[in-house]
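Here is the file protein_8.pdb (PDB, C-alpha atoms).
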ATOM      1  CA  MET A   7     -58.495 110.392 -10.667
ATOM      2  CA  ASN A   8     -57.409 106.782 -10.492
ATOM      3  CA  ILE A   9     -55.026 105.833  -7.722
ATOM      4  CA  THR A  10     -52.458 103.977  -9.792
ATOM      5  CA  ILE A  11     -49.345 102.245  -8.519
ATOM      6  CA  ASP A  12     -47.187 105.300  -9.306
ATOM      7  CA  TYR A  13     -48.673 107.210  -6.383
ATOM      8  CA  PHE A  14     -47.873 104.444  -3.940
ATOM      9  CA  LEU A  15     -44.333 104.072  -5.288
ATOM     10  CA  ILE A  16     -43.644 107.809  -5.136
ATOM     11  CA  LEU A  17     -44.993 107.984  -1.584
ATOM     12  CA  SER A  18     -42.768 105.106  -0.510
ATOM     13  CA  ALA A  19     -39.764 106.655  -2.276
ATOM     14  CA  PHE A  20     -40.389 109.841  -0.303
ATOM     15  CA  MET A  21     -40.565 107.839   2.918
ATOM     16  CA  LEU A  22     -37.307 106.105   1.995
ATOM     17  CA  GLY A  23     -35.673 109.491   1.442
ATOM     18  CA  ALA A  24     -36.843 110.746   4.827
ATOM     19  CA  GLY A  25     -35.537 107.576   6.459
ATOM     20  CA  MET A  26     -32.176 107.954   4.703
ATOM     21  CA  TYR A  27     -31.863 111.549   5.868
ATOM     22  CA  GLY A  28     -32.597 110.519   9.449
ATOM     23  CA  PHE A  29     -30.162 107.637   9.235
ATOM     24  CA  PHE A  30     -27.385 110.007   8.101
ATOM     25  CA  THR A  31     -28.020 112.854  10.524
ATOM     26  CA  ARG A  32     -29.169 111.249  13.781
ATOM     27  CA  ARG A  33     -26.688 110.580  16.560
ATOM     28  CA  ASN A  34     -28.953 108.857  19.063
ATOM     29  CA  THR A  35     -29.033 105.083  18.520
ATOM     30  CA  LEU A  36     -32.797 104.868  19.065
ATOM     31  CA  ALA A  37     -33.406 107.684  16.576
ATOM     32  CA  ILE A  38     -31.336 105.794  13.997
ATOM     33  CA  LEU A  39     -33.520 102.728  14.598
ATOM     34  CA  ILE A  40     -36.638 104.837  14.054
ATOM     35  CA  SER A  41     -35.213 105.926  10.678
ATOM     36  CA  ILE A  42     -34.592 102.278   9.788
ATOM     37  CA  GLU A  43     -38.233 101.540  10.589
ATOM     38  CA  LEU A  44     -39.261 104.205   8.080
ATOM     39  CA  ILE A  45     -37.101 102.596   5.379
ATOM     40  CA  LEU A  46     -38.489  99.099   6.090
ATOM     41  CA  ASN A  47     -42.040 100.444   6.053
ATOM     42  CA  ALA A  48     -41.457 102.011   2.631
ATOM     43  CA  ALA A  49     -40.375  98.604   1.316
ATOM     44  CA  ASP A  50     -43.510  97.013   2.791
ATOM     45  CA  ILE A  51     -45.760  99.456   0.929
ATOM     46  CA  ASN A  52     -44.029  98.511  -2.335
ATOM     47  CA  PHE A  53     -44.538  94.784  -1.708
ATOM     48  CA  ALA A  54     -48.253  95.258  -1.035
ATOM     49  CA  ALA A  55     -48.800  97.658  -3.949
ATOM     50  CA  PHE A  56     -47.105  95.408  -6.507
ATOM     51  CA  ASN A  57     -49.039  92.421  -5.207
ATOM     52  CA  ARG A  58     -52.251  94.420  -5.614
ATOM     53  CA  LEU A  59     -51.247  95.304  -9.158
ATOM     54  CA  CYS A  60     -50.682  91.687 -10.156
ATOM     55  CA  GLN A  61     -54.185  90.625  -9.048
ATOM     56  CA  THR A  62     -53.344  86.904  -8.956
ATOM     57  CA  GLY A  63     -51.207  85.353  -6.239
ATOM     58  CA  ILE A  64     -50.485  86.538  -2.719
ATOM     59  CA  GLU A  65     -46.688  86.310  -2.593
ATOM     60  CA  GLY A  66     -46.195  90.022  -1.991
ATOM     61  CA  TYR A  67     -48.841  89.956   0.705
ATOM     62  CA  VAL A  68     -47.185  87.049   2.535
ATOM     63  CA  PHE A  69     -43.771  88.630   2.240
ATOM     64  CA  THR A  70     -45.092  91.837   3.731
ATOM     65  CA  LEU A  71     -46.229  89.765   6.707
ATOM     66  CA  PHE A  72     -42.759  88.197   6.979
ATOM     67  CA  SER A  73     -41.106  91.584   6.645
ATOM     68  CA  ILE A  74     -43.215  92.971   9.510
ATOM     69  CA  ALA A  75     -42.304  89.962  11.674
ATOM     70  CA  ILE A  76     -38.599  90.286  10.878
ATOM     71  CA  SER A  77     -38.516  94.004  11.600
ATOM     72  CA  ALA A  78     -40.212  93.303  14.954
ATOM     73  CA  ALA A  79     -37.477  90.774  15.759
ATOM     74  CA  GLU A  80     -34.747  93.169  14.631
ATOM     75  CA  THR A  81     -36.158  95.978  16.761
ATOM     76  CA  ALA A  82     -36.421  93.787  19.850
ATOM     77  CA  ILE A  83     -32.792  92.638  19.619
ATOM     78  CA  ALA A  84     -31.472  96.095  18.781
ATOM     79  CA  ILE A  85     -33.309  97.684  21.700
ATOM     80  CA  ALA A  86     -32.004  94.981  24.049
ATOM     81  CA  VAL A  87     -28.468  95.736  22.864
ATOM     82  CA  MET A  88     -28.969  99.484  23.304
ATOM     83  CA  ILE A  89     -30.386  99.146  26.801
ATOM     84  CA  ASN A  90     -27.412  96.979  27.683
ATOM     85  CA  ILE A  91     -24.992  99.547  26.227
ATOM     86  CA  TYR A  92     -26.726 102.313  28.143
ATOM     87  CA  ARG A  93     -26.517 100.312  31.345
ATOM     88  CA  MET A  94     -22.774  99.792  30.942
ATOM     89  CA  LEU A  95     -21.602 103.066  29.396
ATOM     90  CA  LYS A  96     -24.407 105.458  30.476
ATOM     91  CA  ASN A  97     -24.538 106.769  26.945
ATOM     92  CA  ASN A  98     -26.403 106.078  23.741
ATOM     93  CA  PHE A  99     -24.890 108.455  21.210
ATOM     94  CA  VAL A 100     -23.002 106.824  18.363
ATOM     95  CA  ASP A 101     -20.273 109.477  18.272
ATOM     96  CA  GLU A 102     -19.303 108.689  21.863
ATOM     97  CA  LEU A 103     -19.609 104.925  21.777
ATOM     98  CA  ASP A 104     -16.039 104.151  20.787
ATOM     99  CA  THR A 105     -15.141 101.647  23.471
ATOM    100  CA  LEU A 106     -15.256  98.035  22.363
ATOM    101  CA  LYS A 107     -14.040  96.432  25.584
ATOM    102  CA  TRP A 108     -14.039  97.811  29.098
TER     103      TRP A 108
ATOM    104  CA  MET B   5     -62.298 113.233  -7.649
ATOM    105  CA  ASN B   6     -63.826 110.194  -5.989
ATOM    106  CA  SER B   7     -63.752 109.324  -2.307
ATOM    107  CA  GLU B   8     -60.831 106.883  -2.685
ATOM    108  CA  SER B   9     -58.546 109.569  -4.073
ATOM    109  CA  ILE B  10     -59.512 111.935  -1.240
ATOM    110  CA  VAL B  11     -58.662 109.228   1.296
ATOM    111  CA  PHE B  12     -55.382 108.519  -0.488
ATOM    112  CA  ILE B  13     -54.404 112.193  -0.596
ATOM    113  CA  VAL B  14     -55.150 112.632   3.105
ATOM    114  CA  LEU B  15     -53.114 109.524   3.960
ATOM    115  CA  ALA B  16     -50.248 110.539   1.662
ATOM    116  CA  VAL B  17     -50.014 114.030   3.144
ATOM    117  CA  LEU B  18     -50.170 112.559   6.656
ATOM    118  CA  ILE B  19     -47.411 110.032   5.924
ATOM    119  CA  ALA B  20     -45.143 112.526   4.146
ATOM    120  CA  LEU B  21     -45.534 115.192   6.825
ATOM    121  CA  PHE B  22     -44.999 112.906   9.793
ATOM    122  CA  SER B  23     -42.115 110.974   8.241
ATOM    123  CA  VAL B  24     -40.262 114.266   7.730
ATOM    124  CA  LEU B  25     -41.159 115.464  11.235
ATOM    125  CA  SER B  26     -40.035 112.134  12.666
ATOM    126  CA  VAL B  27     -36.497 112.534  11.351
ATOM    127  CA  THR B  28     -36.137 116.264  12.002
ATOM    128  CA  THR B  29     -37.555 116.726  15.492
ATOM    129  CA  LYS B  30     -35.087 117.248  18.316
ATOM    130  CA  ARG B  31     -36.838 115.247  21.019
ATOM    131  CA  ILE B  32     -36.661 111.520  20.501
ATOM    132  CA  ILE B  33     -39.962 110.751  22.225
ATOM    133  CA  ARG B  34     -41.663 112.992  19.669
ATOM    134  CA  ALA B  35     -39.874 111.143  16.883
ATOM    135  CA  ALA B  36     -41.363 107.886  18.205
ATOM    136  CA  THR B  37     -44.836 109.445  18.325
ATOM    137  CA  TYR B  38     -44.555 110.718  14.750
ATOM    138  CA  LEU B  39     -43.370 107.266  13.696
ATOM    139  CA  LEU B  40     -46.587 105.901  15.216
ATOM    140  CA  PHE B  41     -48.630 108.249  13.009
ATOM    141  CA  VAL B  42     -46.662 107.179   9.929
ATOM    142  CA  LEU B  43     -47.368 103.534  10.745
ATOM    143  CA  PHE B  44     -51.079 104.263  11.162
ATOM    144  CA  GLY B  45     -51.047 105.998   7.778
ATOM    145  CA  THR B  46     -49.405 102.955   6.205
ATOM    146  CA  ALA B  47     -52.080 100.735   7.745
ATOM    147  CA  GLY B  48     -54.630 103.080   6.178
ATOM    148  CA  LEU B  49     -52.990 102.531   2.769
ATOM    149  CA  TYR B  50     -53.314  98.765   3.227
ATOM    150  CA  PHE B  51     -56.982  99.192   4.118
ATOM    151  CA  LEU B  52     -57.424 101.339   1.011
ATOM    152  CA  MET B  53     -55.990  98.549  -1.133
ATOM    153  CA  GLY B  54     -58.451  96.100   0.438
ATOM    154  CA  TYR B  55     -55.771  94.282   2.446
ATOM    155  CA  THR B  56     -57.597  94.414   5.749
ATOM    156  CA  PHE B  57     -55.652  91.614   7.447
ATOM    157  CA  LEU B  58     -52.353  93.244   6.537
ATOM    158  CA  GLY B  59     -53.557  96.556   7.944
ATOM    159  CA  ALA B  60     -54.620  94.854  11.155
ATOM    160  CA  VAL B  61     -51.221  93.143  11.459
ATOM    161  CA  GLN B  62     -49.506  96.464  10.811
ATOM    162  CA  ILE B  63     -51.447  98.141  13.621
ATOM    163  CA  MET B  64     -51.035  95.240  16.053
ATOM    164  CA  VAL B  65     -47.359  94.494  15.501
ATOM    165  CA  TYR B  66     -45.964  97.910  14.628
ATOM    166  CA  ALA B  67     -48.205 100.334  16.485
ATOM    167  CA  GLY B  68     -49.036  98.000  19.352
ATOM    168  CA  GLY B  69     -45.711  96.237  19.748
ATOM    169  CA  ILE B  70     -42.759  98.055  18.255
ATOM    170  CA  VAL B  71     -43.678 101.632  19.124
ATOM    171  CA  VAL B  72     -44.424 100.657  22.727
ATOM    172  CA  LEU B  73     -41.016  98.947  22.821
ATOM    173  CA  TYR B  74     -39.418 102.147  21.514
ATOM    174  CA  ILE B  75     -41.139 104.296  24.087
ATOM    175  CA  PHE B  76     -40.100 101.992  26.929
ATOM    176  CA  ALA B  77     -36.520 101.987  25.633
ATOM    177  CA  ILE B  78     -36.506 105.786  25.410
ATOM    178  CA  MET B  79     -37.773 106.012  28.975
ATOM    179  CA  LEU B  80     -35.185 103.470  30.165
ATOM    180  CA  THR B  81     -32.231 105.166  28.518
ATOM    181  CA  GLY B  82     -33.297 108.208  30.476
ATOM    182  CA  LYS B  83     -31.783 111.656  30.388
ATOM    183  CA  THR B  84     -33.116 113.864  27.607
ATOM    184  CA  PRO B  85     -30.418 114.063  24.942
ATOM    185  CA  ASP B  86     -28.290 117.150  24.925
ATOM    186  CA  ALA B  87     -29.110 118.076  21.363
ATOM    187  CA  LYS B  88     -26.626 120.918  21.001
ATOM    188  CA  GLN B  89     -23.637 118.841  21.938
ATOM    189  CA  HIS B  90     -24.456 116.086  19.466
ATOM    190  CA  SER B  91     -25.884 117.995  16.528
ATOM    191  CA  LEU B  92     -23.946 117.729  13.282
ATOM    192  CA  SER B  93     -22.347 120.642  11.517
ATOM    193  CA  LEU B  94     -24.447 122.397   8.910
ATOM    194  CA  ALA B  95     -22.242 121.139   6.071
ATOM    195  CA  LYS B  96     -22.701 117.516   7.117
ATOM    196  CA  LYS B  97     -26.448 117.998   7.444
ATOM    197  CA  GLY B  98     -26.536 119.583   3.999
ATOM    198  CA  ALA B  99     -24.556 116.676   2.550
ATOM    199  CA  ALA B 100     -26.985 114.197   4.115
ATOM    200  CA  LEU B 101     -29.939 116.179   2.776
ATOM    201  CA  VAL B 102     -28.436 116.242  -0.714
ATOM    202  CA  ALA B 103     -27.744 112.500  -0.583
ATOM    203  CA  ALA B 104     -31.286 111.701   0.542
ATOM    204  CA  LEU B 105     -32.882 114.104  -1.957
ATOM    205  CA  VAL B 106     -30.791 112.834  -4.871
ATOM    206  CA  GLY B 107     -31.513 109.213  -3.936
ATOM    207  CA  ALA B 108     -35.253 109.715  -3.565
ATOM    208  CA  GLY B 109     -35.393 111.996  -6.589
ATOM    209  CA  LEU B 110     -33.645 109.429  -8.769
ATOM    210  CA  LEU B 111     -36.109 106.769  -7.618
ATOM    211  CA  MET B 112     -39.060 109.041  -8.334
ATOM    212  CA  PHE B 113     -37.661 109.883 -11.776
ATOM    213  CA  VAL B 114     -37.371 106.177 -12.630
ATOM    214  CA  ILE B 115     -40.897 105.521 -11.331
ATOM    215  CA  ILE B 116     -42.431 108.404 -13.256
ATOM    216  CA  SER B 117     -40.579 107.702 -16.503
ATOM    217  CA  HIS B 118     -41.601 104.031 -16.380
ATOM    218  CA  GLN B 119     -45.066 103.421 -17.822
ATOM    219  CA  PHE B 120     -46.952 101.288 -15.333
ATOM    220  CA  VAL B 121     -50.389  99.850 -16.022
ATOM    221  CA  SER B 122     -52.818 102.651 -15.188
ATOM    222  CA  GLN B 123     -55.061 100.487 -13.085
ATOM    223  CA  SER B 124     -56.625 101.632  -9.847
ATOM    224  CA  LEU B 125     -55.330  99.899  -6.746
ATOM    225  CA  SER B 126     -58.106 100.829  -4.344
ATOM    226  CA  ALA B 127     -60.431  97.992  -3.400
ATOM    227  CA  GLU B 128     -63.806  99.620  -4.022
ATOM    228  CA  VAL B 129     -63.198 100.669  -7.608
ATOM    229  CA  THR B 130     -62.232  97.274  -8.953
ATOM    230  CA  ASN B 131     -64.907  95.774  -6.699
ATOM    231  CA  GLU B 132     -63.388  92.400  -5.975
ATOM    232  CA  ALA B 133     -62.359  90.506  -2.870
ATOM    233  CA  ALA B 134     -58.651  91.158  -2.347
ATOM    234  CA  ALA B 135     -56.642  88.327  -0.782
ATOM    235  CA  PRO B 136     -59.203  86.348   1.256
ATOM    236  CA  ILE B 137     -57.956  85.376   4.683
ATOM    237  CA  GLY B 138     -58.493  81.631   4.105
ATOM    238  CA  GLU B 139     -56.194  81.694   1.106
ATOM    239  CA  ILE B 140     -53.478  83.452   3.118
ATOM    240  CA  GLY B 141     -53.762  80.962   5.972
ATOM    241  CA  SER B 142     -53.542  77.902   3.739
ATOM    242  CA  SER B 143     -50.684  79.474   1.780
ATOM    243  CA  LEU B 144     -48.725  80.103   4.984
ATOM    244  CA  LEU B 145     -49.090  76.498   6.127
ATOM    245  CA  SER B 146     -48.855  74.515   2.897
ATOM    246  CA  ALA B 147     -45.659  72.960   1.608
ATOM    247  CA  GLY B 148     -46.925  72.408  -1.941
ATOM    248  CA  GLU B 149     -47.288  74.714  -4.931
ATOM    249  CA  GLY B 150     -47.312  78.359  -3.840
ATOM    250  CA  GLY B 151     -46.965  77.372  -0.198
ATOM    251  CA  ASN B 152     -44.858  79.306   2.276
ATOM    252  CA  LEU B 153     -44.299  76.758   5.019
ATOM    253  CA  LEU B 154     -40.484  76.997   4.956
ATOM    254  CA  PRO B 155     -40.246  80.798   5.378
ATOM    255  CA  PHE B 156     -43.035  80.604   7.955
ATOM    256  CA  GLU B 157     -41.053  78.109  10.046
ATOM    257  CA  ALA B 158     -37.854  80.073   9.505
ATOM    258  CA  VAL B 159     -39.563  83.191  10.847
ATOM    259  CA  SER B 160     -40.890  81.279  13.853
ATOM    260  CA  VAL B 161     -37.385  79.981  14.669
ATOM    261  CA  LEU B 162     -36.067  83.535  14.191
ATOM    262  CA  LEU B 163     -38.643  84.891  16.626
ATOM    263  CA  LEU B 164     -37.735  82.209  19.172
ATOM    264  CA  ALA B 165     -34.035  83.047  18.774
ATOM    265  CA  CYS B 166     -34.937  86.708  19.137
ATOM    266  CA  ILE B 167     -36.836  86.109  22.395
ATOM    267  CA  ILE B 168     -33.944  84.141  23.887
ATOM    268  CA  GLY B 169     -31.346  86.590  22.587
ATOM    269  CA  GLY B 170     -33.257  89.577  23.912
ATOM    270  CA  LEU B 171     -33.575  88.001  27.333
ATOM    271  CA  ILE B 172     -29.891  87.076  27.499
ATOM    272  CA  ILE B 173     -28.574  90.406  26.227
ATOM    273  CA  ALA B 174     -30.763  92.591  28.434
ATOM    274  CA  ARG B 175     -30.612  90.563  31.647
ATOM    275  CA  LYS B 176     -29.161  92.001  34.836
ATOM    276  CA  ARG B 177     -25.677  90.785  35.595
TER     277      ARG B 177
END
Encoding of this model in structure tokens:
Amino acid sequence: MNITIDYFLILSAFMLGAGMYGFFTRRNTLAILISIELILNAADINFAAFNRLCQTGIEGYVFTLFSIAISAAETAIAIAVMINIYRMLKNNFVDELDTLKW
Amino acid sequence: MNSESIVFIVLAVLIALFSVLSVTTKRIIRAATYLLFVLFGTAGLYFLMGYTFLGAVQIMVYAGGIVVLYIFAIMLTGKTPDAKQHSLSLAKKGAALVAALVGAGLLMFVIISHQFVSQSLSAEVTNEAAAPIGEIGSSLLSAGEGGNLLPFEAVSVLLLACIIGGLIIARKR
């Protein structure tokens, strides 16, 4: 059995589906962020797999590195915002966060 | 059935199982732990493809940095969530499940119906050096043909902005 690119793509599509389901159903802000991480990770696998398929060039490789860096930045800012929200409203559920100004 | 396919199957089952568990579990700290396992599995996939540096970055940044950040944030936002009060109705959950299944199923259908080159992606079978680290380093810091200096600098400015923004947003008033 050869491990062709199809297997990687199907695995990442499954991961994307799981992330989408979590993104739709979760109500805790941190849990939603965890689902977003799953989706981003699925995209990273695709980048690396297609770069491996092409043999020449390392663009996909480099962009996976950038994608990891950007998702780290995104997570740091989002968690700072959520901790701030929790400090002010004592709540981190999206269905109760309906106050813009207090 | 060679050793690479056994490794891939183990990693694929691990990733699939823990990504589903991560979005269905009630306790958020468990979700973060399952996410950690998914990230380790992804790093294993990179190692399987021969991208050792990428796998190391994945473990260092994701598993070492982001998951720790999540766990600290979960601890800081305290109080275990009252799951009953915030759980969705069954109809909404079913709608979300259908949306996710149809989306992923459509993607898988397109992938399967498209004829890709049937070439093995694991490093040992093709027996060649995948993406040497020197090439990556010079590509990241060269401005010429195939260089990535501009995105590299953009990411470094983004990270600086992110540090400052994080400090300002989360500071005590």
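Applied to this file, the PyMOL selection byres ((chain A) within 6 of (chain B)) selects Met7, Asn8, Ile9, Thr10, Ile16, Ala19, Gly23, Ala24, Met26, Tyr27, Gly28, Phe30, Ala79, Ile83, Ala86 and Asn90 of chain A.
Atom to atom, atom CA of A:Thr81 and atom CA of B:Leu154 stand 22.8 Å apart.
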**Message:** Could you check the closest approach to A:Leu106 for each of A:Leu39, A:Glu65, A:Ile91, A:Arg33 and tell me which residue wins, using only C-alpha atoms?
**Reply:** A:Ile91
**Asked** Can you tell me how far atom CA of A:Phe14 sits from atom CA of B:Ser142, in Å to one decimal?
**Response** 28.2 Å
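Straight-line separation from atom CA of A:Ala55 to atom CA of A:Leu15: 7.9 Å.
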**Message:** Restricting the calculation to all atoms listed in the file: of A:Thr31, A:Thr105, A:Ser18, A:Ser73, which residue gets closest to A:Ala48?
**Reply:** A:Ser18
Find the axis-aligned box for stretch 62-69 of chain A, covering all its listed atoms and adding 6 Å on each side, and write its centre and edge lengths in Å to one decimal as JSON.
{"center_x": -48.6, "center_y": 87.7, "center_z": -3.2, "size_x": 21.6, "size_y": 16.7, "size_z": 23.5}
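Run against this file, the PyMOL selection byres ((chain A and resi 34) around 7) gives back Arg32, Arg33, Thr35, Leu36, Ala37, Ile38, Asn98, Phe99 and Val100 of chain A.
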**Item:** For A:Ser77, the nearest of the candidates A:Cys60, A:Asn52, A:Leu103, A:Leu44, counting all atoms listed in the file
**Value:** A:Leu44
Emit stretch 38-91 of chain A of the structure in the block as a file comprising C-alpha atoms, as a PDB file, in the first residue's frame.
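The result, stored in out_3.pdb:
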ATOM      1  CA  ILE A  38     -14.466  27.692  19.773  1.00  0.00           C
ATOM      2  CA  LEU A  39     -10.797  28.692  19.520  1.00  0.00           C
ATOM      3  CA  ILE A  40      -9.772  25.050  19.917  1.00  0.00           C
ATOM      4  CA  SER A  41     -12.046  24.174  16.973  1.00  0.00           C
ATOM      5  CA  ILE A  42     -10.406  26.923  14.915  1.00  0.00           C
ATOM      6  CA  GLU A  43      -7.019  25.392  15.706  1.00  0.00           C
ATOM      7  CA  LEU A  44      -8.244  22.092  14.271  1.00  0.00           C
ATOM      8  CA  ILE A  45      -9.320  23.815  11.042  1.00  0.00           C
ATOM      9  CA  LEU A  46      -5.983  25.659  10.695  1.00  0.00           C
ATOM     10  CA  ASN A  47      -4.077  22.442  11.358  1.00  0.00           C
ATOM     11  CA  ALA A  48      -6.004  20.679   8.587  1.00  0.00           C
ATOM     12  CA  ALA A  49      -4.931  23.420   6.170  1.00  0.00           C
ATOM     13  CA  ASP A  50      -1.308  23.019   7.286  1.00  0.00           C
ATOM     14  CA  ILE A  51      -1.356  19.297   6.482  1.00  0.00           C
ATOM     15  CA  ASN A  52      -2.595  20.107   2.967  1.00  0.00           C
ATOM     16  CA  PHE A  53       0.194  22.647   2.400  1.00  0.00           C
ATOM     17  CA  ALA A  54       2.870  20.161   3.466  1.00  0.00           C
ATOM     18  CA  ALA A  55       1.376  17.235   1.527  1.00  0.00           C
ATOM     19  CA  PHE A  56       1.076  19.167  -1.738  1.00  0.00           C
ATOM     20  CA  ASN A  57       4.608  20.474  -1.324  1.00  0.00           C
ATOM     21  CA  ARG A  58       5.794  16.893  -0.827  1.00  0.00           C
ATOM     22  CA  LEU A  59       3.945  15.848  -3.964  1.00  0.00           C
ATOM     23  CA  CYS A  60       5.594  18.509  -6.109  1.00  0.00           C
ATOM     24  CA  GLN A  61       9.120  17.388  -5.142  1.00  0.00           C
ATOM     25  CA  THR A  62      10.782  20.616  -6.313  1.00  0.00           C
ATOM     26  CA  GLY A  63      10.495  23.877  -4.406  1.00  0.00           C
ATOM     27  CA  ILE A  64       9.729  24.518  -0.756  1.00  0.00           C
ATOM     28  CA  GLU A  65       6.955  27.114  -0.996  1.00  0.00           C
ATOM     29  CA  GLY A  66       4.372  24.936   0.728  1.00  0.00           C
ATOM     30  CA  TYR A  67       6.858  24.109   3.450  1.00  0.00           C
ATOM     31  CA  VAL A  68       7.647  27.779   4.120  1.00  0.00           C
ATOM     32  CA  PHE A  69       3.989  28.710   4.094  1.00  0.00           C
ATOM     33  CA  THR A  70       3.251  26.013   6.631  1.00  0.00           C
ATOM     34  CA  LEU A  71       5.851  27.659   8.860  1.00  0.00           C
ATOM     35  CA  PHE A  72       4.180  31.054   8.353  1.00  0.00           C
ATOM     36  CA  SER A  73       0.762  29.567   9.001  1.00  0.00           C
ATOM     37  CA  ILE A  74       1.961  28.083  12.309  1.00  0.00           C
ATOM     38  CA  ALA A  75       3.437  31.456  13.318  1.00  0.00           C
ATOM     39  CA  ILE A  76       0.257  33.326  12.393  1.00  0.00           C
ATOM     40  CA  SER A  77      -1.995  30.922  14.262  1.00  0.00           C
ATOM     41  CA  ALA A  78       0.246  31.341  17.331  1.00  0.00           C
ATOM     42  CA  ALA A  79      -0.185  35.120  17.073  1.00  0.00           C
ATOM     43  CA  GLU A  80      -3.940  34.790  16.574  1.00  0.00           C
ATOM     44  CA  THR A  81      -4.269  32.511  19.592  1.00  0.00           C
ATOM     45  CA  ALA A  82      -2.252  34.826  21.824  1.00  0.00           C
ATOM     46  CA  ILE A  83      -4.379  37.873  20.965  1.00  0.00           C
ATOM     47  CA  ALA A  84      -7.659  35.977  21.185  1.00  0.00           C
ATOM     48  CA  ILE A  85      -6.787  34.536  24.589  1.00  0.00           C
ATOM     49  CA  ALA A  86      -5.776  37.991  25.841  1.00  0.00           C
ATOM     50  CA  VAL A  87      -9.149  39.332  24.700  1.00  0.00           C
ATOM     51  CA  MET A  88     -11.012  36.454  26.357  1.00  0.00           C
ATOM     52  CA  ILE A  89      -9.189  36.832  29.655  1.00  0.00           C
ATOM     53  CA  ASN A  90     -10.016  40.523  29.570  1.00  0.00           C
ATOM     54  CA  ILE A  91     -13.687  39.777  28.838  1.00  0.00           C
TER      55      ILE A  91
END
